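**Student:** Dropping in input34.tsv, with TSV, N, CA and C atoms and all ligand atoms.
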chain	number	residue	atom	x	y	z
A	1	MET	N	-11.08	17.19	63.61
A	1	MET	CA	-9.76	16.72	63.21
A	1	MET	C	-9.89	15.37	62.50
A	2	PRO	N	-9.56	15.31	61.19
A	2	PRO	CA	-9.68	14.03	60.48
A	2	PRO	C	-8.75	12.97	61.05
A	3	LYS	N	-9.28	11.75	61.08
A	3	LYS	CA	-8.50	10.59	61.52
A	3	LYS	C	-8.31	9.71	60.29
A	4	VAL	N	-7.05	9.40	59.99
A	4	VAL	CA	-6.71	8.63	58.80
A	4	VAL	C	-6.06	7.32	59.24
A	5	THR	N	-6.66	6.21	58.86
A	5	THR	CA	-6.10	4.91	59.21
A	5	THR	C	-5.56	4.24	57.95
A	6	PHE	N	-4.28	3.87	58.02
A	6	PHE	CA	-3.63	3.16	56.93
A	6	PHE	C	-3.57	1.68	57.30
A	7	VAL	N	-4.07	0.85	56.41
A	7	VAL	CA	-4.12	-0.60	56.64
A	7	VAL	C	-3.16	-1.26	55.65
A	8	GLN	N	-2.21	-2.03	56.19
A	8	GLN	CA	-1.27	-2.78	55.36
A	8	GLN	C	-1.32	-4.23	55.78
A	9	ARG	N	-1.48	-5.10	54.80
A	9	ARG	CA	-1.56	-6.53	55.12
A	9	ARG	C	-0.29	-6.98	55.83
A	10	GLY	N	-0.47	-7.68	56.93
A	10	GLY	CA	0.67	-8.21	57.67
A	10	GLY	C	1.32	-7.21	58.61
A	11	LYS	N	0.75	-6.03	58.72
A	11	LYS	CA	1.31	-5.01	59.63
A	11	LYS	C	0.18	-4.44	60.47
A	12	PRO	N	0.51	-3.89	61.65
A	12	PRO	CA	-0.54	-3.24	62.45
A	12	PRO	C	-1.06	-1.99	61.73
A	13	ASP	N	-2.35	-1.70	61.90
A	13	ASP	CA	-2.92	-0.48	61.33
A	13	ASP	C	-2.23	0.75	61.93
A	14	GLN	N	-2.11	1.80	61.14
A	14	GLN	CA	-1.51	3.04	61.62
A	14	GLN	C	-2.53	4.16	61.46
A	15	THR	N	-2.86	4.82	62.55
A	15	THR	CA	-3.85	5.89	62.52
A	15	THR	C	-3.18	7.23	62.84
A	16	VAL	N	-3.52	8.21	62.01
A	16	VAL	CA	-2.93	9.54	62.14
A	16	VAL	C	-4.06	10.56	62.21
A	17	GLU	N	-3.94	11.52	63.09
A	17	GLU	CA	-4.90	12.62	63.14
A	17	GLU	C	-4.17	13.91	62.79
A	18	PHE	N	-4.86	14.77	62.05
A	18	PHE	CA	-4.25	16.06	61.76
A	18	PHE	C	-5.32	17.14	61.75
A	19	GLU	N	-4.87	18.36	61.97
A	19	GLU	CA	-5.78	19.49	61.99
A	19	GLU	C	-5.70	20.20	60.64
A	20	HIS	N	-6.86	20.45	60.01
A	20	HIS	CA	-6.85	21.14	58.71
A	20	HIS	C	-6.07	22.45	58.80
A	21	GLY	N	-5.22	22.65	57.82
A	21	GLY	CA	-4.46	23.89	57.73
A	21	GLY	C	-3.21	23.92	58.59
A	22	LYS	N	-2.96	22.88	59.37
A	22	LYS	CA	-1.81	22.88	60.27
A	22	LYS	C	-0.72	21.88	59.87
A	23	LEU	N	-0.98	21.09	58.81
A	23	LEU	CA	-0.02	20.06	58.40
A	23	LEU	C	1.09	20.71	57.58
A	24	PRO	N	2.34	20.56	57.99
A	24	PRO	CA	3.42	21.15	57.18
A	24	PRO	C	3.44	20.48	55.81
A	25	TYR	N	3.45	21.28	54.74
A	25	TYR	CA	3.45	20.70	53.39
A	25	TYR	C	4.87	20.32	53.00
A	26	LEU	N	5.06	19.06	52.63
A	26	LEU	CA	6.40	18.56	52.32
A	26	LEU	C	6.68	18.49	50.82
A	27	GLY	N	5.77	19.03	50.02
A	27	GLY	CA	6.04	19.18	48.59
A	27	GLY	C	5.73	17.99	47.71
A	28	HIS	N	5.02	16.99	48.24
A	28	HIS	CA	4.68	15.82	47.43
A	28	HIS	C	3.17	15.59	47.46
A	29	GLY	N	2.56	15.57	46.29
A	29	GLY	CA	1.12	15.37	46.21
A	29	GLY	C	0.37	16.64	46.60
A	30	LEU	N	-0.95	16.55	46.59
A	30	LEU	CA	-1.76	17.70	46.97
A	30	LEU	C	-1.70	17.89	48.48
A	31	PRO	N	-1.73	19.13	48.95
A	31	PRO	CA	-1.74	19.36	50.39
A	31	PRO	C	-2.92	18.64	51.06
A	32	GLU	N	-2.65	17.97	52.17
A	32	GLU	CA	-3.63	17.20	52.96
A	32	GLU	C	-4.17	15.99	52.21
A	33	SER	N	-3.42	15.53	51.23
A	33	SER	CA	-3.75	14.26	50.57
A	33	SER	C	-3.21	13.12	51.44
A	34	PHE	N	-3.55	11.89	51.08
A	34	PHE	CA	-3.01	10.74	51.81
A	34	PHE	C	-1.49	10.78	51.81
A	35	LEU	N	-0.91	11.13	50.66
A	35	LEU	CA	0.55	11.15	50.58
A	35	LEU	C	1.13	12.19	51.53
A	36	ASP	N	0.54	13.36	51.55
A	36	ASP	CA	1.01	14.42	52.43
A	36	ASP	C	0.91	13.99	53.90
A	37	VAL	N	-0.21	13.40	54.26
A	37	VAL	CA	-0.40	12.94	55.65
A	37	VAL	C	0.59	11.83	55.98
A	38	ALA	N	0.75	10.87	55.06
A	38	ALA	CA	1.66	9.74	55.31
A	38	ALA	C	3.10	10.23	55.49
A	39	LEU	N	3.54	11.13	54.63
A	39	LEU	CA	4.92	11.62	54.74
A	39	LEU	C	5.13	12.36	56.07
A	40	ASN	N	4.16	13.14	56.47
A	40	ASN	CA	4.26	13.85	57.75
A	40	ASN	C	4.32	12.90	58.94
A	41	ALA	N	3.69	11.72	58.78
A	41	ALA	CA	3.63	10.76	59.89
A	41	ALA	C	4.73	9.71	59.80
A	42	GLY	N	5.57	9.78	58.78
A	42	GLY	CA	6.64	8.81	58.64
A	42	GLY	C	6.16	7.46	58.14
A	43	ILE	N	5.01	7.45	57.48
A	43	ILE	CA	4.47	6.21	56.90
A	43	ILE	C	4.91	6.14	55.45
A	44	GLN	N	5.48	5.00	55.06
A	44	GLN	CA	6.01	4.89	53.70
A	44	GLN	C	4.89	4.59	52.71
A	45	LEU	N	4.55	5.59	51.92
A	45	LEU	CA	3.61	5.42	50.81
A	45	LEU	C	4.41	5.72	49.55
A	46	GLU	N	4.56	4.70	48.70
A	46	GLU	CA	5.36	4.88	47.48
A	46	GLU	C	4.83	6.06	46.68
A	47	HIS	N	5.73	6.81	46.04
A	47	HIS	CA	5.31	7.95	45.23
A	47	HIS	C	6.39	8.24	44.20
A	48	ALA	N	6.52	7.31	43.27
A	48	ALA	CA	7.61	7.34	42.29
A	48	ALA	C	7.65	8.62	41.47
A	49	CYS	N	6.51	9.24	41.22
A	49	CYS	CA	6.50	10.46	40.40
A	49	CYS	C	6.54	11.72	41.25
A	50	GLY	N	6.69	11.54	42.54
A	50	GLY	CA	6.76	12.71	43.43
A	50	GLY	C	5.39	13.29	43.76
A	51	GLY	N	4.35	12.56	43.41
A	51	GLY	CA	3.01	13.05	43.73
A	51	GLY	C	2.40	13.92	42.66
A	52	SER	N	2.83	13.73	41.41
A	52	SER	CA	2.33	14.56	40.32
A	52	SER	C	1.34	13.84	39.42
A	53	CYS	N	0.76	12.76	39.90
A	53	CYS	CA	-0.28	12.01	39.17
A	53	CYS	C	0.27	11.42	37.87
A	54	ALA	N	1.49	10.95	37.90
A	54	ALA	CA	2.11	10.40	36.69
A	54	ALA	C	2.51	8.92	36.86
A	55	CYS	N	2.11	8.30	37.96
A	55	CYS	CA	2.38	6.87	38.15
A	55	CYS	C	1.18	6.32	38.91
A	56	THR	N	1.28	5.14	39.47
A	56	THR	CA	0.18	4.64	40.31
A	56	THR	C	0.74	4.02	41.59
A	57	THR	N	1.96	4.37	41.93
A	57	THR	CA	2.58	3.74	43.11
A	57	THR	C	1.91	4.16	44.42
A	58	CYS	N	1.14	5.22	44.41
A	58	CYS	CA	0.47	5.69	45.62
A	58	CYS	C	-0.97	5.17	45.71
A	59	HIS	N	-1.30	4.20	44.87
A	59	HIS	CA	-2.66	3.63	44.84
A	59	HIS	C	-3.09	3.13	46.22
A	60	LEU	N	-4.29	3.51	46.63
A	60	LEU	CA	-4.88	3.04	47.88
A	60	LEU	C	-6.31	2.59	47.62
A	61	ILE	N	-6.78	1.68	48.42
A	61	ILE	CA	-8.16	1.21	48.34
A	61	ILE	C	-8.89	1.74	49.58
A	62	ILE	N	-9.92	2.52	49.34
A	62	ILE	CA	-10.63	3.18	50.44
A	62	ILE	C	-11.64	2.19	51.04
A	63	ARG	N	-11.46	1.87	52.31
A	63	ARG	CA	-12.35	0.92	52.99
A	63	ARG	C	-13.49	1.62	53.72
A	64	GLN	N	-13.26	2.83	54.19
A	64	GLN	CA	-14.31	3.63	54.84
A	64	GLN	C	-14.03	5.10	54.57
A	65	GLY	N	-15.10	5.87	54.45
A	65	GLY	CA	-14.96	7.32	54.38
A	65	GLY	C	-14.76	7.89	52.99
A	66	MET	N	-15.18	7.17	51.95
A	66	MET	CA	-15.03	7.69	50.58
A	66	MET	C	-15.67	9.07	50.46
A	67	GLU	N	-16.78	9.28	51.20
A	67	GLU	CA	-17.48	10.57	51.14
A	67	GLU	C	-16.68	11.70	51.80
A	68	ASN	N	-15.62	11.34	52.50
A	68	ASN	CA	-14.79	12.34	53.16
A	68	ASN	C	-13.55	12.71	52.36
A	69	LEU	N	-13.58	12.38	51.06
A	69	LEU	CA	-12.45	12.70	50.18
A	69	LEU	C	-12.89	13.70	49.11
A	70	SER	N	-11.93	14.40	48.54
A	70	SER	CA	-12.20	15.31	47.44
A	70	SER	C	-12.74	14.52	46.25
A	71	GLU	N	-13.47	15.19	45.38
A	71	GLU	CA	-13.95	14.56	44.16
A	71	GLU	C	-12.77	14.15	43.29
A	72	MET	N	-12.93	13.04	42.58
A	72	MET	CA	-11.85	12.60	41.70
A	72	MET	C	-11.86	13.43	40.42
A	73	GLU	N	-10.70	13.99	40.08
A	73	GLU	CA	-10.56	14.75	38.85
A	73	GLU	C	-10.29	13.77	37.70
A	74	GLU	N	-10.52	14.23	36.47
A	74	GLU	CA	-10.34	13.37	35.30
A	74	GLU	C	-8.90	12.86	35.17
A	75	ILE	N	-7.94	13.69	35.49
A	75	ILE	CA	-6.54	13.29	35.37
A	75	ILE	C	-6.24	12.11	36.32
A	76	GLU	N	-6.82	12.12	37.51
A	76	GLU	CA	-6.63	11.01	38.45
A	76	GLU	C	-7.33	9.75	37.93
A	77	ALA	N	-8.55	9.91	37.43
A	77	ALA	CA	-9.30	8.75	36.92
A	77	ALA	C	-8.54	8.09	35.76
A	78	ASP	N	-8.00	8.90	34.88
A	78	ASP	CA	-7.26	8.36	33.73
A	78	ASP	C	-6.02	7.60	34.20
A	79	ARG	N	-5.31	8.15	35.15
A	79	ARG	CA	-4.08	7.50	35.66
A	79	ARG	C	-4.44	6.23	36.44
A	80	LEU	N	-5.48	6.33	37.23
A	80	LEU	CA	-5.89	5.20	38.05
A	80	LEU	C	-6.26	3.98	37.20
A	81	ASP	N	-6.74	4.22	36.01
A	81	ASP	CA	-7.12	3.11	35.10
A	81	ASP	C	-5.96	2.15	34.87
A	82	THR	N	-4.74	2.61	35.08
A	82	THR	CA	-3.57	1.76	34.81
A	82	THR	C	-3.06	1.07	36.07
A	83	ALA	N	-3.75	1.27	37.19
A	83	ALA	CA	-3.27	0.71	38.46
A	83	ALA	C	-3.51	-0.79	38.55
A	84	TRP	N	-2.58	-1.45	39.15
A	84	TRP	CA	-2.71	-2.88	39.44
A	84	TRP	C	-3.74	-3.04	40.56
A	85	GLU	N	-4.55	-4.09	40.52
A	85	GLU	CA	-5.53	-4.39	41.57
A	85	GLU	C	-6.55	-3.24	41.74
A	86	LEU	N	-6.94	-2.65	40.61
A	86	LEU	CA	-7.90	-1.54	40.63
A	86	LEU	C	-9.25	-2.02	41.16
A	87	THR	N	-9.87	-1.21	42.01
A	87	THR	CA	-11.20	-1.52	42.53
A	87	THR	C	-12.09	-0.28	42.34
A	88	THR	N	-13.37	-0.43	42.62
A	88	THR	CA	-14.28	0.72	42.53
A	88	THR	C	-14.04	1.70	43.68
A	89	SER	N	-13.26	1.28	44.67
A	89	SER	CA	-12.93	2.14	45.81
A	89	SER	C	-11.50	2.66	45.74
A	90	SER	N	-10.87	2.55	44.60
A	90	SER	CA	-9.47	2.97	44.48
A	90	SER	C	-9.34	4.48	44.35
A	91	ARG	N	-8.28	5.00	44.91
A	91	ARG	CA	-7.89	6.41	44.73
A	91	ARG	C	-6.37	6.48	44.68
A	92	LEU	N	-5.88	7.56	44.13
A	92	LEU	CA	-4.44	7.82	44.17
A	92	LEU	C	-4.15	8.62	45.43
A	93	GLY	N	-3.22	8.14	46.23
A	93	GLY	CA	-2.91	8.77	47.50
A	93	GLY	C	-2.42	10.20	47.37
A	94	CYS	N	-1.84	10.53	46.25
A	94	CYS	CA	-1.31	11.89	46.09
A	94	CYS	C	-2.37	12.88	45.62
A	95	GLN	N	-3.54	12.37	45.17
A	95	GLN	CA	-4.57	13.24	44.60
A	95	GLN	C	-5.81	13.35	45.48
A	96	ALA	N	-6.07	12.33	46.29
A	96	ALA	CA	-7.27	12.33	47.13
A	96	ALA	C	-7.01	13.17	48.38
A	97	VAL	N	-7.70	14.28	48.49
A	97	VAL	CA	-7.53	15.17	49.64
A	97	VAL	C	-8.54	14.79	50.72
A	98	ILE	N	-8.05	14.71	51.95
A	98	ILE	CA	-8.83	14.19	53.07
A	98	ILE	C	-9.61	15.32	53.75
A	99	LYS	N	-10.92	15.09	53.87
A	99	LYS	CA	-11.81	16.09	54.49
A	99	LYS	C	-12.34	15.61	55.85
A	100	GLY	N	-12.27	14.29	56.09
A	100	GLY	CA	-12.80	13.73	57.33
A	100	GLY	C	-12.22	12.34	57.56
A	101	ASP	N	-12.80	11.60	58.49
A	101	ASP	CA	-12.26	10.29	58.85
A	101	ASP	C	-12.29	9.33	57.66
A	102	VAL	N	-11.24	8.56	57.53
A	102	VAL	CA	-11.12	7.66	56.39
A	102	VAL	C	-10.20	6.49	56.74
A	103	VAL	N	-10.49	5.34	56.14
A	103	VAL	CA	-9.64	4.15	56.28
A	103	VAL	C	-9.20	3.74	54.89
A	104	ALA	N	-7.90	3.60	54.69
A	104	ALA	CA	-7.36	3.27	53.38
A	104	ALA	C	-6.40	2.09	53.49
A	105	GLU	N	-6.54	1.17	52.56
A	105	GLU	CA	-5.70	-0.03	52.57
A	105	GLU	C	-4.71	0.02	51.41
A	106	PHE	N	-3.49	-0.38	51.69
A	106	PHE	CA	-2.50	-0.50	50.63
A	106	PHE	C	-2.86	-1.74	49.80
A	107	PRO	N	-2.81	-1.66	48.47
A	107	PRO	CA	-3.04	-2.85	47.66
A	107	PRO	C	-1.86	-3.82	47.81
A	108	MET	N	-2.06	-5.03	47.37
A	108	MET	CA	-0.99	-6.03	47.47
A	108	MET	C	0.20	-5.67	46.58
A	109	TYR	N	-0.09	-5.09	45.42
A	109	TYR	CA	0.98	-4.74	44.48
A	109	TYR	C	0.75	-3.35	43.92
A	110	THR	N	1.84	-2.72	43.52
A	110	THR	CA	1.73	-1.49	42.73
A	110	THR	C	2.68	-1.62	41.56
A	111	ARG	N	2.45	-0.79	40.56
A	111	ARG	CA	3.38	-0.75	39.44
A	111	ARG	C	4.36	0.38	39.72
A	112	ASN	N	5.62	0.04	39.81
A	112	ASN	CA	6.64	1.06	40.04
A	112	ASN	C	7.67	0.96	38.93
A	113	TYR	N	7.42	1.75	37.87
A	113	TYR	CA	8.29	1.69	36.70
A	113	TYR	C	9.69	2.21	37.00
A	114	VAL	N	9.80	3.06	38.03
A	114	VAL	CA	11.12	3.60	38.37
A	114	VAL	C	11.99	2.48	38.94
A	115	GLN	N	11.47	1.76	39.95
A	115	GLN	CA	12.26	0.68	40.56
A	115	GLN	C	12.40	-0.51	39.63
A	116	GLU	N	11.46	-0.65	38.68
A	116	GLU	CA	11.50	-1.79	37.78
A	116	GLU	C	12.30	-1.49	36.52
A	117	GLY	N	13.00	-0.38	36.49
A	117	GLY	CA	13.91	-0.11	35.39
A	117	GLY	C	13.36	0.75	34.29
A	118	GLY	N	12.37	1.56	34.56
A	118	GLY	CA	11.90	2.49	33.56
A	118	GLY	C	10.65	2.02	32.85
A	119	ALA	N	10.45	2.53	31.66
A	119	ALA	CA	9.21	2.27	30.92
A	119	ALA	C	9.11	0.81	30.50
A	120	ILE	N	7.88	0.38	30.25
A	120	ILE	CA	7.68	-0.98	29.75
A	120	ILE	C	7.34	-0.92	28.27
A	121	GLN	N	7.66	-1.97	27.55
A	121	GLN	CA	7.31	-2.05	26.14
A	121	GLN	C	5.93	-2.68	26.04
A	122	LEU	N	5.00	-1.98	25.42
A	122	LEU	CA	3.63	-2.47	25.36
A	122	LEU	C	3.36	-3.33	24.14
A	123	GLY	N	4.22	-3.28	23.14
A	123	GLY	CA	3.99	-4.08	21.93
A	123	GLY	C	5.30	-4.65	21.42
A	124	GLN	N	5.21	-5.49	20.42
A	124	GLN	CA	6.40	-6.09	19.82
A	124	GLN	C	6.50	-5.62	18.38
A	125	PRO	N	7.73	-5.42	17.88
A	125	PRO	CA	7.85	-5.05	16.46
A	125	PRO	C	7.36	-6.19	15.58
A	126	GLU	N	6.80	-5.83	14.43
A	126	GLU	CA	6.33	-6.86	13.50
A	126	GLU	C	7.53	-7.58	12.90
A	127	VAL	N	7.56	-8.91	12.96
A	127	VAL	CA	8.69	-9.70	12.44
A	127	VAL	C	8.24	-10.43	11.19
A	128	THR	N	9.00	-10.30	10.10
A	128	THR	CA	8.71	-11.01	8.86
A	128	THR	C	9.87	-11.96	8.58
A	129	ASP	N	9.82	-12.69	7.45
A	129	ASP	CA	10.91	-13.60	7.07
A	129	ASP	C	12.21	-12.84	6.86
A	130	GLU	N	12.10	-11.54	6.50
A	130	GLU	CA	13.29	-10.72	6.26
A	130	GLU	C	13.77	-10.05	7.55
A	131	GLY	N	13.20	-10.37	8.67
A	131	GLY	CA	13.58	-9.75	9.94
A	131	GLY	C	12.54	-8.72	10.36
A	132	PRO	N	12.85	-7.97	11.40
A	132	PRO	CA	11.88	-6.98	11.88
A	132	PRO	C	11.55	-5.96	10.81
A	133	LYS	N	10.29	-5.59	10.71
A	133	LYS	CA	9.84	-4.63	9.72
A	133	LYS	C	10.14	-3.22	10.21
A	134	GLU	N	10.71	-2.41	9.33
A	134	GLU	CA	10.98	-1.02	9.68
A	134	GLU	C	9.67	-0.25	9.76
A	135	VAL	N	9.58	0.60	10.71
A	135	VAL	CA	8.40	1.47	10.82
A	135	VAL	C	8.69	2.74	10.04
A	136	GLN	N	7.80	3.08	9.09
A	136	GLN	CA	7.97	4.29	8.30
A	136	GLN	C	7.46	5.48	9.09
A	137	SER	N	8.20	6.56	9.09
A	137	SER	CA	7.71	7.74	9.79
A	137	SER	C	7.38	8.83	8.80
A	201	LIG	S1	2.73	9.41	43.42
A	201	LIG	FE1	2.64	9.08	41.30
A	201	LIG	S2	0.53	9.17	40.92
A	201	LIG	FE2	0.63	9.49	43.04
What is this file in structure tokens?
Ligand code: FES
**Tutor:**
Amino acid sequence: MPKVTFVQRGKPDQTVEFEHGKLPYLGHGLPESFLDVALNAGIQLEHACGGSCACTTCHLIIRQGMENLSEMEEIEADRLDTAWELTTSSRLGCQAVIKGDVVAEFPMYTRNYVQEGGAIQLGQPEVTDEGPKEVQS
């Protein structure tokens, strides 16, 4: 039975055990992922995209048991690249499926574009003496 410990700064650690194949799937993230386990245990793990690998709010830093997680798929690696406080031990909670004992820490910050009002502007329009330059399509 895998034992999953969630570590949050300033809060007591929370440890959850579950039996493979017995966790009720609540429809968010991959079955038996950190997100699935957290939701079943009533632990709040942000998941702005609903667990579809389209945000990074479920970012976790694995402190122990990296070998007890599913292999990282390319789609997760690409999404993870945009996570705040990225480390070499980072995983997305909705994509990393738990195979054995693991300890995961919540990062200090996450990017939550939903709560922050939607998409961010990554660039500025070119401004000339005549005002903003029109982009030709
Ligand atoms: S919940 Fe959005 S990527 Fe995991």
**Student:** To one decimal in Å, tell me the separation between atom N of His59 of chain A and atom C of Ser89 of chain A.
**Tutor:**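 Computing it gives 10.4 Å between the two atoms.
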**Student:** Counting only C-alpha atoms and all ligand atoms, which of A:Asp101, A:Asp78, A:Glu71, A:Asp13 gets nearest to ligand LIG 201 (chain A)?
**Tutor:**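 Checking each of A:Asp101, A:Asp78, A:Glu71, A:Asp13 against ligand LIG 201 (chain A), counting only C-alpha atoms and all ligand atoms, the winner is A:Asp78.
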**Student:** Contacts between ligand LIG 201 (chain A) and chain A, please, where a residue of chain A counts if it comes within 6.5 Å (with all atoms listed in the file); show its shortest atom pair and distance in Å to one decimal, rows by chain and ascending number, as a tab-separated table.
**Tutor:**
residue	atom	partner	partner_atom	distance
A:Glu46	C	A:LIG201	S1	5.1
A:His47	CA	A:LIG201	S1	3.5
A:Ala48	N	A:LIG201	S1	4.3
A:Cys49	N	A:LIG201	FE1	3.9
A:Gly50	N	A:LIG201	S1	4.6
A:Gly51	N	A:LIG201	S1	3.5
A:Ser52	N	A:LIG201	FE1	4.7
A:Cys53	CA	A:LIG201	S2	3.4
A:Ala54	N	A:LIG201	S2	3.6
A:Cys55	N	A:LIG201	S2	3.5
A:Thr56	N	A:LIG201	S2	4.3
A:Thr57	N	A:LIG201	FE1	4.8
A:Cys58	N	A:LIG201	FE2	4.5
A:His59	N	A:LIG201	FE2	5.9
A:Leu92	C	A:LIG201	FE2	5.4
A:Gly93	N	A:LIG201	FE2	5.2
A:Cys94	N	A:LIG201	FE2	4.2
A:Gln95	N	A:LIG201	FE2	5.5
**Student:** Calculated over only C-alpha atoms, which of the candidates A:Met1, A:Leu30, A:Val97, A:Ile62 has the smallest distance to Val16 of chain A?
**Tutor:**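 The closest residue to Val16 of chain A is A:Met1.
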**Student:** For Leu60 of chain A, which residue out of A:Gly10, A:Gly29, A:Pro107, A:Gly42 is the nearest one, using all atoms listed in the file?
**Tutor:**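 Ranked by minimum distance to Leu60 of chain A, first place goes to A:Pro107.
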**Student:** Give me, please, the distance in Å between atom CA of Thr110 of chain A and atom C of Ser33 of chain A, quoted to one decimal.
**Tutor:**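 Calculated distance between atom CA of Thr110 of chain A and atom C of Ser33 of chain A is 17.7 Å.
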**Student:** Work out how far atom CA of Glu85 of chain A is from atom CA of Phe18 of chain A, in Å to one decimal.
**Tutor:**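 Atom CA of Glu85 of chain A lies at a distance of 28.8 Å from atom CA of Phe18 of chain A.
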**Student:** Point out the residue among A:Thr15, A:Asn40, A:Val103, A:Gln8 with the least atom-to-atom distance to Gly27 of chain A, counting only C-alpha atoms.
**Tutor:**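 Once distances to Gly27 of chain A are computed over only C-alpha atoms, the minimum belongs to A:Asn40.
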**Student:** Could you tell me, as a ChimeraX atom specification, which residues of chain A DSSP assigns to alpha helix (DSSP H) when given the backbone?
**Tutor:** /A:34-41,74-80
**Student:** Store the residues of this selection in a file with N, CA and C atoms, as a PDB file, keeping the file's coordinate frame.
**Tutor:**
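Writing done, so here's out.pdb:
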ATOM      1  N   PHE A  34      -3.550  11.890  51.080  1.00  0.00           N
ATOM      2  CA  PHE A  34      -3.010  10.740  51.810  1.00  0.00           C
ATOM      3  C   PHE A  34      -1.490  10.780  51.810  1.00  0.00           C
ATOM      4  N   LEU A  35      -0.910  11.130  50.660  1.00  0.00           N
ATOM      5  CA  LEU A  35       0.550  11.150  50.580  1.00  0.00           C
ATOM      6  C   LEU A  35       1.130  12.190  51.530  1.00  0.00           C
ATOM      7  N   ASP A  36       0.540  13.360  51.550  1.00  0.00           N
ATOM      8  CA  ASP A  36       1.010  14.420  52.430  1.00  0.00           C
ATOM      9  C   ASP A  36       0.910  13.990  53.900  1.00  0.00           C
ATOM     10  N   VAL A  37      -0.210  13.400  54.260  1.00  0.00           N
ATOM     11  CA  VAL A  37      -0.400  12.940  55.650  1.00  0.00           C
ATOM     12  C   VAL A  37       0.590  11.830  55.980  1.00  0.00           C
ATOM     13  N   ALA A  38       0.750  10.870  55.060  1.00  0.00           N
ATOM     14  CA  ALA A  38       1.660   9.740  55.310  1.00  0.00           C
ATOM     15  C   ALA A  38       3.100  10.230  55.490  1.00  0.00           C
ATOM     16  N   LEU A  39       3.540  11.130  54.630  1.00  0.00           N
ATOM     17  CA  LEU A  39       4.920  11.620  54.740  1.00  0.00           C
ATOM     18  C   LEU A  39       5.130  12.360  56.070  1.00  0.00           C
ATOM     19  N   ASN A  40       4.160  13.140  56.470  1.00  0.00           N
ATOM     20  CA  ASN A  40       4.260  13.850  57.750  1.00  0.00           C
ATOM     21  C   ASN A  40       4.320  12.900  58.940  1.00  0.00           C
ATOM     22  N   ALA A  41       3.690  11.720  58.780  1.00  0.00           N
ATOM     23  CA  ALA A  41       3.630  10.760  59.890  1.00  0.00           C
ATOM     24  C   ALA A  41       4.730   9.710  59.800  1.00  0.00           C
ATOM     25  N   GLU A  74     -10.520  14.230  36.470  1.00  0.00           N
ATOM     26  CA  GLU A  74     -10.340  13.370  35.300  1.00  0.00           C
ATOM     27  C   GLU A  74      -8.900  12.860  35.170  1.00  0.00           C
ATOM     28  N   ILE A  75      -7.940  13.690  35.490  1.00  0.00           N
ATOM     29  CA  ILE A  75      -6.540  13.290  35.370  1.00  0.00           C
ATOM     30  C   ILE A  75      -6.240  12.110  36.320  1.00  0.00           C
ATOM     31  N   GLU A  76      -6.820  12.120  37.510  1.00  0.00           N
ATOM     32  CA  GLU A  76      -6.630  11.010  38.450  1.00  0.00           C
ATOM     33  C   GLU A  76      -7.330   9.750  37.930  1.00  0.00           C
ATOM     34  N   ALA A  77      -8.550   9.910  37.430  1.00  0.00           N
ATOM     35  CA  ALA A  77      -9.300   8.750  36.920  1.00  0.00           C
ATOM     36  C   ALA A  77      -8.540   8.090  35.760  1.00  0.00           C
ATOM     37  N   ASP A  78      -8.000   8.900  34.880  1.00  0.00           N
ATOM     38  CA  ASP A  78      -7.260   8.360  33.730  1.00  0.00           C
ATOM     39  C   ASP A  78      -6.020   7.600  34.200  1.00  0.00           C
ATOM     40  N   ARG A  79      -5.310   8.150  35.150  1.00  0.00           N
ATOM     41  CA  ARG A  79      -4.080   7.500  35.660  1.00  0.00           C
ATOM     42  C   ARG A  79      -4.440   6.230  36.440  1.00  0.00           C
ATOM     43  N   LEU A  80      -5.480   6.330  37.230  1.00  0.00           N
ATOM     44  CA  LEU A  80      -5.890   5.200  38.050  1.00  0.00           C
ATOM     45  C   LEU A  80      -6.260   3.980  37.200  1.00  0.00           C
TER      46      LEU A  80
END
**Student:** May I have the residues within 5 Å of Ile61 of chain A as a PyMOL selection string, using all atoms listed in the file and disregarding those fewer than 5 positions away in the same chain?
**Tutor:** chain A and resi 89-90+104-105
**Student:** Calculated over only C-alpha atoms, which of the candidates A:Val37, A:Leu69, A:His28, A:Gly21 has the smallest distance to Ile98 of chain A?
**Tutor:**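 Closest residue, counting only C-alpha atoms: A:Leu69.
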**Student:** A:Ile75, A:Ala96, A:Ile43, A:Leu80: which is nearest Lys11 of chain A, counting only C-alpha atoms?
**Tutor:**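 Of all the options, A:Ile43 lies closest to Lys11 of chain A.
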